[in-house]
Each structure stands twice: as structure tokens, then as C-alpha cells.
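Data block for work-v6.cif (mmCIF, C-alpha atoms):
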```
data_upload
#
loop_
_atom_site.label_atom_id
_atom_site.label_comp_id
_atom_site.auth_asym_id
_atom_site.auth_seq_id
_atom_site.Cartn_x
_atom_site.Cartn_y
_atom_site.Cartn_z
CA MET A 1 103.35 11.81 123.26
CA ILE A 2 100.23 10.03 121.96
CA THR A 3 99.61 8.62 125.43
CA LEU A 4 99.86 12.08 126.95
CA LEU A 5 97.38 13.52 124.42
CA PHE A 6 95.01 10.61 124.98
CA THR A 7 95.28 11.09 128.74
CA LEU A 8 94.62 14.82 128.41
CA SER A 9 91.59 14.06 126.25
CA ILE A 10 90.17 11.69 128.88
CA ILE A 11 90.91 14.19 131.63
CA SER A 12 89.15 16.90 129.67
CA GLN A 13 86.03 14.75 129.40
CA ILE A 14 86.14 13.95 133.14
CA THR A 15 86.72 17.60 134.02
CA THR A 16 83.86 18.72 131.83
CA ALA A 17 81.52 16.13 133.31
CA THR A 18 82.63 16.81 136.88
CA PHE A 19 83.11 20.54 137.20
CA LEU A 20 80.97 22.27 134.63
CA THR A 21 77.31 22.88 135.20
CA PRO A 22 74.73 20.71 133.48
CA LEU A 23 73.65 21.78 130.02
CA ASN A 24 70.45 23.55 131.01
CA SER A 25 71.04 24.66 134.59
CA SER A 26 72.72 28.05 134.11
CA PRO A 27 70.40 30.85 133.06
CA ALA A 28 73.44 33.13 132.58
CA LYS A 29 74.58 30.99 129.67
CA THR A 30 71.33 30.98 127.75
CA THR A 31 70.19 33.33 125.02
CA ALA A 32 66.92 34.06 123.33
CA GLN A 33 66.14 32.28 120.09
CA THR A 34 66.76 34.40 116.99
CA THR A 35 64.61 34.16 113.92
CA PRO A 36 66.63 32.94 110.94
CA THR A 37 64.94 35.34 108.51
CA THR A 38 66.20 38.44 110.32
CA ALA A 39 69.59 37.03 111.25
CA LEU A 40 70.52 35.76 107.78
CA ARG A 41 70.52 39.13 106.08
CA MET A 42 74.17 39.78 106.91
CA ALA A 43 75.35 36.18 107.15
CA PRO A 44 78.59 34.90 105.60
CA ARG A 45 78.30 34.10 101.89
CA PHE A 46 79.26 31.00 99.94
CA ASP A 47 81.39 31.39 96.81
CA PRO A 48 80.56 28.49 94.45
CA ALA A 49 83.66 29.16 92.34
CA SER A 50 86.09 28.58 95.21
CA GLY A 51 83.78 26.32 97.22
CA LYS A 52 84.42 28.37 100.37
CA TRP A 53 82.53 30.59 102.77
CA PHE A 54 83.67 34.17 103.29
CA PRO A 55 82.70 36.84 105.83
CA THR A 56 80.67 39.81 104.63
CA LYS A 57 81.48 42.18 107.51
CA PRO A 58 84.23 42.61 110.13
CA SER A 59 82.18 41.03 112.94
CA GLU A 60 82.23 37.73 110.98
CA GLU A 61 86.02 37.57 110.55
CA SER A 62 88.13 35.22 112.66
CA SER A 63 89.59 38.16 114.59
CA ALA A 64 86.09 38.92 115.94
CA GLY A 65 85.89 35.61 117.81
CA TYR A 66 88.08 34.07 120.46
CA GLY A 67 91.42 32.39 119.89
CA PRO A 68 92.59 28.80 120.35
CA LEU A 69 93.16 29.38 124.07
CA GLY A 70 89.43 30.15 124.38
CA THR A 71 88.71 26.79 122.76
CA LEU A 72 91.05 25.06 125.21
CA LEU A 73 89.38 26.71 128.22
CA ARG A 74 85.82 26.06 127.02
CA GLU A 75 86.03 22.53 125.62
CA GLY A 76 89.46 21.11 126.48
CA PRO A 77 92.26 19.42 124.54
CA PRO A 78 90.23 17.45 121.93
CA ALA A 79 88.59 20.54 120.42
CA PHE A 80 91.79 22.58 120.81
CA ILE A 81 93.90 20.03 118.94
CA LYS A 82 91.35 19.72 116.14
CA ARG A 83 91.14 23.50 115.83
CA VAL A 84 94.90 24.09 115.78
CA SER A 85 95.62 21.17 113.43
CA ASN A 86 93.28 22.44 110.69
CA GLU A 87 92.45 26.13 111.11
CA GLU A 88 91.07 26.61 107.58
CA GLU A 89 88.53 23.79 107.97
CA TYR A 90 87.59 25.11 111.41
CA ASP A 91 87.03 28.62 110.06
CA GLN A 92 84.91 27.30 107.18
CA ALA A 93 82.79 25.26 109.61
CA VAL A 94 82.26 28.35 111.79
CA LEU A 95 81.24 30.51 108.82
CA LYS A 96 78.87 27.82 107.54
CA PHE A 97 77.28 27.49 110.98
CA MET A 98 76.89 31.28 111.20
CA ALA A 99 75.13 31.34 107.84
CA GLY A 100 72.88 28.42 108.70
CA ASP A 101 71.87 29.53 112.18
CA GLY A 102 72.16 33.28 111.79
CA CYS A 103 74.26 33.61 114.92
CA THR A 104 77.33 35.57 116.00
CA ARG A 105 80.91 34.43 115.43
CA ARG A 106 81.42 33.62 119.13
CA GLU A 107 78.26 31.52 119.30
CA ALA A 108 79.22 29.65 116.13
CA GLN A 109 82.74 29.05 117.47
CA GLY A 110 81.29 27.78 120.74
CA ASN A 111 79.03 25.38 118.88
CA MET A 112 81.88 24.10 116.70
CA ASP A 113 84.12 23.65 119.75
CA ALA A 114 81.38 21.78 121.61
CA TYR A 115 80.74 19.62 118.56
CA MET A 116 84.44 18.77 118.18
CA ALA A 117 84.76 17.95 121.88
CA ASN A 118 81.65 15.76 122.10
CA PRO A 119 79.33 15.49 119.08
CA ASN A 120 76.74 13.38 120.90
CA ASP A 121 76.18 15.82 123.76
CA TRP A 122 76.12 18.74 121.34
CA ALA A 123 73.50 17.03 119.14
CA PHE A 124 71.43 16.11 122.21
CA GLN A 125 71.45 19.74 123.37
CA ARG A 126 70.44 20.96 119.90
CA ASN A 127 67.51 18.53 119.85
CA GLU A 128 66.45 19.65 123.32
CA GLU A 129 66.51 23.27 122.15
CA LYS A 130 64.15 22.34 119.29
CA LYS A 131 61.77 20.95 121.93
CA GLY A 132 61.73 24.29 123.73
CA VAL A 133 64.51 23.99 126.29
CA SER A 134 66.41 27.25 126.72
CA LYS A 135 69.21 27.75 124.22
CA ARG A 136 72.75 27.33 125.55
CA ASP A 137 75.34 29.91 124.53
CA TRP A 138 78.38 27.73 123.92
CA GLY A 139 80.52 30.80 123.18
CA ALA A 140 79.89 32.46 126.55
CA GLU A 141 82.88 33.41 128.67
CA PRO A 142 83.77 30.71 131.22
CA GLU A 143 82.83 31.65 134.77
CA GLY A 144 85.57 32.32 137.31
CA LYS A 145 84.65 29.27 139.37
CA ASP A 146 84.90 26.99 136.33
CA LEU A 147 88.30 28.45 135.39
CA ALA A 148 89.64 28.02 138.91
CA LEU A 149 88.45 24.42 139.15
CA THR A 150 89.87 23.63 135.70
CA LEU A 151 93.26 25.10 136.59
CA ILE A 152 93.40 23.22 139.91
CA TRP A 153 92.41 19.99 138.19
CA ALA A 154 94.96 20.54 135.40
CA VAL A 155 97.79 21.18 137.89
CA PHE A 156 96.85 18.07 139.87
CA ILE A 157 96.57 15.82 136.82
CA THR A 158 99.73 17.20 135.20
CA GLY A 159 101.66 16.49 138.41
CA LEU A 160 100.19 12.99 138.55
CA ILE A 161 101.09 12.29 134.90
CA ILE A 162 104.64 13.56 135.40
CA ARG A 163 105.00 11.41 138.51
CA VAL A 164 103.73 8.29 136.72
CA LEU A 165 105.97 8.89 133.72
CA TYR A 166 108.96 9.58 135.98
CA GLU A 167 108.36 6.44 138.02
CA GLY A 168 107.92 4.38 134.87
CA VAL A 169 111.11 5.66 133.25
CA VAL A 170 113.39 5.81 136.30
CA THR A 171 112.42 2.53 137.96
#
```
Structure translated into C-alpha cells:
Amino acid sequence: MITLLFTLSIISQITTATFLTPLNSSPAKTTAQTTPTTALRMAPRFDPASGKWFPTKPSEESSAGYGPLGTLLREGPPAFIKRVSNEEEYDQAVLKFMAGDGCTRREAQGNMDAYMANPNDWAFQRNEEKKGVSKRDWGAEPEGKDLALTLIWAVFITGLIIRVLYEGVVT
């Protein structure tokens, strides 16, 4: 089982590197910079007594974002497994990011998913944004082409893994 998860993690990284567009090449996935002073007025709040973040309006609640399947489609198995294995920590990280950046729930989820999948690439993109490169919307809906290529790749790799496991067990 561990081998299968490790293999899926590697495949996810290869798929992301092979089939998805480069970080700054898609104008459809970029958004304008928001000013933190205007965006923080309705941000999630921190409760020092409980040590947790909490939403202040319905658009900040977990139901306003996308589910675990959205994480799997956007960033692959590593981020999906981390999200499903510790949902409370994931939700707290999203709320904290929303408060710090003054962004929407979907954008914060996209950033957390990207960070969990590959922290180095995420940090590089954030630094590039500070230099003036257009901001990437990590929470944007995947394009149809990307979904189709991911599904084809997943079917191919799953078949290959099953074949290798079958050959290794039977022979």
C-alpha cells in the first residue's frame, strides 16, 4: 500500500510537470492583487482562548470552498492525502492564510493545496509575485484539457501499476 501511495505521489509530480501549464503562462488563471487593508476587514478571526481561527461569515466556512476531490484534481495525491488525513489542521491553515492575505476561501485552499503538494514551487511563485509577476489563482477551476490529460494519464498509470503488481505476484 505504501508503495502504491509513493508511486501515485511520483506520478502526480510527473503529471503536474508534464501536462499543466507553466506557473505564469496562463492569463486565465491570474487575478489582480488585492490590498490587504481593504480585504482584511471581514477576514477570519483568531480566538486566543481556544488558539484557533474561526470564520466570520458564511463565505469563509469550509462549505464555501471546494472538497477533497478538488484538491486531488488540482494538486494530486500528496495534497489530497494530507488534507484528508488531518482536516482540522487543513481548515485552520486555510483560515489563517485567508486572514493573512485577505483572499477568498477558494484562493486560500488553492494556495494550501499547492504548498502541500510542492512547497518549493509554491514559495518560488510567491516570491515571483512579490517581484511583480502576475498572481496565480491556485484555486481556479482546472481547465477541460488538463482534466482530460490527467484522467488519461491516471488510467494509463493505474493499468501499468496493476500489471506490474500482477506480474510480480503471479510469477
Check: atom CA of Ala117 of chain A and atom CA of Pro77 of chain A, how far apart in Å?
Finding: 8.1 Å
Notebook entry, point to check: If you apply the PyMOL selection byres ((chain A and resi 54-56) around 10) to this file, what residues do you get, as a list in words?
Noted result: Met42, Ala43, Pro44, Arg45, Phe46, Asp47, Gly51, Lys52, Trp53, Lys57, Pro58, Ser59, Glu60, Glu61, Ser62, Asp91, Gln92, Leu95, Lys96, Met98 and Ala99 of chain A
Next item on the list: Measure the distance from atom CA of Ser63 of chain A to atom CA of Arg83 of chain A in Å and round it to one decimal.
Entry: 14.8 Å
Go through segment 37-114 of chain A and flag each residue having an atom no more than 6 Å from segment 123-140 of chain A; for those, report the closest pair of atoms plus their distance in Å to one decimal, using only C-alpha atoms, ordered by chain and rising number, as a tab-separated table.
```
residue	atom	partner	partner_atom	distance
A:Arg106	CA	A:Gly139	CA	5.0
A:Glu107	CA	A:Gly139	CA	4.5
A:Gly110	CA	A:Gly139	CA	4.0
A:Asn111	CA	A:Trp138	CA	5.6
```
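Interatomic distance, atom CA of Asn86 of chain A to atom CA of Thr71 of chain A: 13.6 Å.
Evaluated against the shown file, the PyMOL selection byres ((chain A and resi 147) around 12) gives A:Thr15, A:Thr16, A:Phe19, A:Leu20, A:Gly70, A:Leu72, A:Leu73, A:Arg74, A:Glu75, A:Gly76, A:Glu141, A:Pro142, A:Glu143, A:Gly144, A:Lys145, A:Asp146, A:Ala148, A:Leu149, A:Thr150, A:Leu151, A:Ile152, A:Trp153, A:Ala154.
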Margin query: For a quick check of understanding, using all atoms listed in the file, which of A:Leu69, A:Ala64, A:Ile81, A:Val170 has the smallest distance to Thr104 of chain A?
Written below: A:Ala64
